[in-house]
Amino acid sequence: MPDYGGNIVTAFARLDGKPVALVANNPAVLAGCLDIDSSTKAARFVRFVNAFNIPIVTFVDVPGFLPGTDQEHNGIIRHGAKLLFAYAEATVPKVTVITRKAYGGAYDVMASKHLRGDINYAWPTAEIAVMGAKGAVEIIFRGQDVEQKTLEYQDAFANPLRAAQRGFIDDIIDPSETRRRICEDLKVLKRKKLDNPPRRLANIPL
């Protein structure tokens with residue numbers, strides 16, 4: 001099913017001659033929002049590659065979870081939790097690159113530092129926030145001076161500096177450095193050993 005969950009891309013690649021698994025938001029479909037299908041698709045892929053000890057490289061450009069009653073009635077929270085669980089459970093090396101938008105809960109589930117991501121980078125174009133600047137300004141300032149306040153908000157928060165100060169990302173890198181940095185990190189993480197707490201079975205939200 002080539003069109004299934006087109007708002008997220010899963011693929012295999014080679015970096016420095018070694019196999020890696022790629023997970024990436026696709027802003028060309030539904031603006032890259034996570035919905036039920038894409039969450040399930042990515043969760044199954046992450047669990048599969050973790051079972052075969054293949055490192056995961058994640059590229060993040062996600063404006064949030066797809067809104068709508070259809071998604072809510074069909075359990076977007078439960079399906080989104082599958083992806084969150086899969087990344088949190090994975091013990092393979094995990095390198096994440098935030099290329100543009102990283103908003104709200106959808107940012108959290110995309111291999112963020114909060115889910116034991118090993119190395120998390122951001123490009124200078126990254127925006128790491130709870131929501132977009134305009135929406136935040138309309139709520140905070142109740143619709144007053146929206147254009148001016150939006151510009152001020154973007155200057156202050158629509159960049160990766162605040163996230164870097166708080167330790168949510170490890171470095172801000174130029175796009176041209178991305179491949180080299182990922183290859184170097186995967187060499188360091190090659191002997192990564194991380195054991196989950198001993199238990200008989202994982203209780204993934206099905």
# chains A, B, ... in the order shown; residues from 1 in each chain; ligands from 1
>>> residues_around(residues="Ala88 in chain A", least_positions_apart="2", cutoff="10 Å", atoms="only C-alpha atoms", output="ChimeraX atom specification")
/A:82-86,90-91,109-117,196
>>> residues_around(residues="Ile76 in chain A", least_positions_apart="6", cutoff="9 Å", atoms="only C-alpha atoms", output="list of chain:residue names")
A:Leu34, A:Asp35, A:Ile36, A:Ser39, A:Phe65, A:Leu66, A:Asp70
>>> residues_around(residues="Pro63 in chain A", least_positions_apart="4", cutoff="12 Å", atoms="only C-alpha atoms", output="JSON list (two decimals) with C-alpha atoms, in the first residue's frame")
[["chain", "number", "residue", "atom", "x", "y", "z"],
["A", 7, "ASN", "CA", 2.41, 11.96, 5.82],
["A", 25, "ASN", "CA", 7.58, 13.56, 8.51],
["A", 26, "ASN", "CA", 6.37, 14.45, 5.01],
["A", 27, "PRO", "CA", 5.05, 18.04, 4.92],
["A", 29, "VAL", "CA", 0.93, 15.35, 2.75],
["A", 30, "LEU", "CA", -1.41, 16.79, 5.40],
["A", 31, "ALA", "CA", 1.36, 19.32, 6.19],
["A", 32, "GLY", "CA", 3.22, 16.47, 7.92],
["A", 33, "CYS", "CA", 0.67, 16.15, 10.75],
["A", 34, "LEU", "CA", 0.57, 12.86, 12.60],
["A", 35, "ASP", "CA", -2.71, 11.01, 12.21],
["A", 67, "PRO", "CA", -7.30, 17.68, 14.39],
["A", 98, "ILE", "CA", 14.67, 18.69, 13.64],
["A", 99, "THR", "CA", 14.53, 20.39, 10.26],
["A", 100, "ARG", "CA", 11.60, 22.81, 10.66],
["A", 101, "LYS", "CA", 8.46, 22.60, 12.78],
["A", 102, "ALA", "CA", 8.40, 20.61, 16.01],
["A", 103, "TYR", "CA", 5.19, 21.49, 17.80],
["A", 104, "GLY", "CA", 3.45, 20.12, 20.85],
["A", 105, "GLY", "CA", 2.89, 16.48, 21.67],
["A", 106, "ALA", "CA", 3.70, 15.38, 18.13],
["A", 107, "TYR", "CA", 7.24, 16.70, 18.60],
["A", 108, "ASP", "CA", 7.55, 14.69, 21.80],
["A", 110, "MET", "CA", 9.13, 11.85, 17.29],
["A", 126, "ALA", "CA", 13.90, 24.62, 13.46],
["A", 127, "GLU", "CA", 10.94, 25.88, 15.49],
["A", 128, "ILE", "CA", 10.46, 23.98, 18.76],
["A", 129, "ALA", "CA", 7.35, 25.13, 20.60],
["A", 130, "VAL", "CA", 3.97, 24.11, 21.94],
["A", 131, "MET", "CA", 2.25, 25.56, 18.88],
["A", 132, "GLY", "CA", 2.73, 27.97, 15.97],
["A", 133, "ALA", "CA", 3.49, 31.63, 16.63],
["A", 135, "GLY", "CA", -1.96, 30.64, 17.32]]
>>> residues_around(residues="Val137 in chain A", least_positions_apart="6", cutoff="8 Å", atoms="only C-alpha atoms", output="VMD selection string")
chain A and resid 143 146 149 to 150 153
>>> select_by_dssp(residues="chain A", states="alpha helix (DSSP H)", output="ChimeraX atom specification")
/A:36-51,69-73,76-89,104-109,133-140,146-157,161-165,178-188
>>> closest_atom_pairs(of="range 81-133 of chain A", to="range 177-190 of chain A", cutoff="10 Å", atoms="only C-alpha atoms", output="JSON lines")
{"residue": "A:Val92", "atom": "CA", "partner": "A:Leu189", "partner_atom": "CA", "distance": 8.7}
{"residue": "A:Pro93", "atom": "CA", "partner": "A:Leu189", "partner_atom": "CA", "distance": 5.9}
{"residue": "A:Lys94", "atom": "CA", "partner": "A:Leu186", "partner_atom": "CA", "distance": 8.5}
{"residue": "A:Val95", "atom": "CA", "partner": "A:Ile182", "partner_atom": "CA", "distance": 7.1}
{"residue": "A:Thr96", "atom": "CA", "partner": "A:Ile182", "partner_atom": "CA", "distance": 8.9}
{"residue": "A:Val97", "atom": "CA", "partner": "A:Thr178", "partner_atom": "CA", "distance": 8.2}
{"residue": "A:Asp118", "atom": "CA", "partner": "A:Leu189", "partner_atom": "CA", "distance": 8.3}
{"residue": "A:Ile119", "atom": "CA", "partner": "A:Asp185", "partner_atom": "CA", "distance": 7.5}
{"residue": "A:Tyr121", "atom": "CA", "partner": "A:Thr178", "partner_atom": "CA", "distance": 8.8}
{"residue": "A:Ala122", "atom": "CA", "partner": "A:Thr178", "partner_atom": "CA", "distance": 9.6}
{"residue": "A:Trp123", "atom": "CA", "partner": "A:Thr178", "partner_atom": "CA", "distance": 8.8}
>>> closest_residue(among="A:Phe141, A:Asn53, A:Lys134, A:Ala156", to="Leu194 in chain A", atoms="only C-alpha atoms")
A:Asn53
